[in-house]
Amino acid sequence: MKLKDNNGAPVAACSNKSSFIIPATYSEEARNRMYSTLLAAKMAGQTVMLAYNDIDNCDTWGVTPNVYRKIIRITF
């Protein structure tokens with residue numbers, strides 16, 4: 001997920017500063033809930049706030065060289 005307005009603090013260990021990831025280590029239910037929350041917010045034109053840790057909180061996706069910040073929590 002790429003941010004429209006990047007107001008968050010950069011995480012030094014993460015190579016990609018404008019994108020976040022829903023980690024594969026979360027349960028399928030948790031991933032689906034986060035994804036559906038983001039889709040619902042998009043459809044409603046709502047802004048969301050993403051919570052993430054700034055230490056030891058980066059994750060890869062596939063074979064890309066980028067390392068993304070992990071989403072911890074989503075709020076409206």
# chains A, B, ... in the order shown; residues from 1 in each chain; ligands from 1
>>> select_by_dssp(residues="chain A", states="alpha helix (DSSP H)", output="list of chain:residue names")
A:Glu28, A:Glu29, A:Ala30, A:Arg31, A:Asn32, A:Arg33, A:Met34, A:Tyr35, A:Ser36, A:Thr37, A:Leu38, A:Leu39, A:Ala40, A:Ala41, A:Lys42, A:Met43, A:Ala44
>>> write_last_selection(atoms="C-alpha atoms", output="PDB file, in the first residue's frame")
ATOM      1  CA  GLU A  28      -5.379 -14.801   7.504  1.00  0.00           C
ATOM      2  CA  GLU A  29      -8.296 -13.321   9.441  1.00  0.00           C
ATOM      3  CA  ALA A  30      -6.214 -10.356  10.644  1.00  0.00           C
ATOM      4  CA  ARG A  31      -4.851  -9.706   7.131  1.00  0.00           C
ATOM      5  CA  ASN A  32      -8.351  -9.868   5.636  1.00  0.00           C
ATOM      6  CA  ARG A  33      -9.712  -7.532   8.307  1.00  0.00           C
ATOM      7  CA  MET A  34      -6.965  -4.958   7.669  1.00  0.00           C
ATOM      8  CA  TYR A  35      -7.399  -5.178   3.911  1.00  0.00           C
ATOM      9  CA  SER A  36     -11.188  -4.838   4.105  1.00  0.00           C
ATOM     10  CA  THR A  37     -10.801  -1.827   6.426  1.00  0.00           C
ATOM     11  CA  LEU A  38      -8.512  -0.151   3.891  1.00  0.00           C
ATOM     12  CA  LEU A  39     -10.900  -0.927   1.018  1.00  0.00           C
ATOM     13  CA  ALA A  40     -13.905   0.381   2.963  1.00  0.00           C
ATOM     14  CA  ALA A  41     -12.045   3.593   3.807  1.00  0.00           C
ATOM     15  CA  LYS A  42     -11.066   4.042   0.164  1.00  0.00           C
ATOM     16  CA  MET A  43     -14.648   3.553  -1.039  1.00  0.00           C
ATOM     17  CA  ALA A  44     -15.958   5.986   1.605  1.00  0.00           C
TER      18      ALA A  44
END
>>> residues_around(residues="region 55-63 of chain A", least_positions_apart="5", cutoff="8 Å", atoms="only C-alpha atoms", output="PyMOL selection string")
chain A and resi 11+13-14+21+23+68-70
>>> select_by_dssp(residues="chain A", states="strand (DSSP E or B)", output="list in words")
Lys2, Ser19, Phe20, Ile21, Met49, Leu50, Ala51, Cys58, Asp59, Thr60, Val67, Tyr68, Arg69, Lys70, Arg73, Ile74 and Thr75 of chain A
>>> write_last_selection(atoms="N, CA and C atoms", output="CSV table (one decimal), in the first residue's frame")
chain,number,residue,atom,x,y,z
A,2,LYS,N,0.7,2.1,-0.9
A,2,LYS,CA,1.4,3.4,-1.0
A,2,LYS,C,0.6,4.5,-0.4
A,19,SER,N,5.7,3.3,1.4
A,19,SER,CA,4.8,2.2,1.3
A,19,SER,C,4.8,1.3,2.6
A,20,PHE,N,3.7,0.7,2.8
A,20,PHE,CA,3.5,-0.2,4.0
A,20,PHE,C,3.1,-1.6,3.5
A,21,ILE,N,3.2,-2.5,4.4
A,21,ILE,CA,2.8,-3.9,4.0
A,21,ILE,C,2.0,-4.5,5.2
A,49,MET,N,-5.4,6.3,9.6
A,49,MET,CA,-4.1,6.4,10.3
A,49,MET,C,-3.5,5.0,10.5
A,50,LEU,N,-2.3,4.9,10.1
A,50,LEU,CA,-1.6,3.6,10.2
A,50,LEU,C,-0.6,3.7,11.3
A,51,ALA,N,-0.7,2.7,12.2
A,51,ALA,CA,0.3,2.6,13.3
A,51,ALA,C,1.4,1.6,12.9
A,58,CYS,N,10.3,-4.0,9.8
A,58,CYS,CA,10.4,-4.0,8.3
A,58,CYS,C,10.2,-5.4,7.8
A,59,ASP,N,9.6,-5.5,6.6
A,59,ASP,CA,9.3,-6.8,6.0
A,59,ASP,C,9.5,-6.7,4.5
A,60,THR,N,9.9,-7.8,3.9
A,60,THR,CA,10.1,-7.9,2.5
A,60,THR,C,8.8,-8.4,1.9
A,67,VAL,N,12.2,-3.1,1.2
A,67,VAL,CA,11.8,-3.5,2.6
A,67,VAL,C,10.8,-2.5,3.1
A,68,TYR,N,9.6,-3.0,3.4
A,68,TYR,CA,8.4,-2.1,3.8
A,68,TYR,C,8.2,-2.1,5.3
A,69,ARG,N,7.6,-1.0,5.7
A,69,ARG,CA,7.1,-0.8,7.1
A,69,ARG,C,5.9,-1.7,7.3
A,70,LYS,N,5.8,-2.4,8.4
A,70,LYS,CA,4.7,-3.3,8.7
A,70,LYS,C,3.6,-2.5,9.4
A,73,ARG,N,-1.6,-1.4,13.2
A,73,ARG,CA,-3.0,-1.1,13.5
A,73,ARG,C,-3.5,0.0,12.5
A,74,ILE,N,-4.8,-0.1,12.2
A,74,ILE,CA,-5.4,0.9,11.3
A,74,ILE,C,-6.6,1.6,12.1
A,75,THR,N,-6.6,2.9,12.1
A,75,THR,CA,-7.8,3.6,12.7
A,75,THR,C,-8.3,4.7,11.8
>>> atom_distance(atom1="CA of Ile22 (chain A)", atom2="CA of Ile71 (chain A)")
5.6 Å
>>> closest_residue(among="A:Pro10, A:Phe76, A:Pro65, A:Ser27", to="Tyr52 (chain A)", atoms="only C-alpha atoms")
A:Pro10
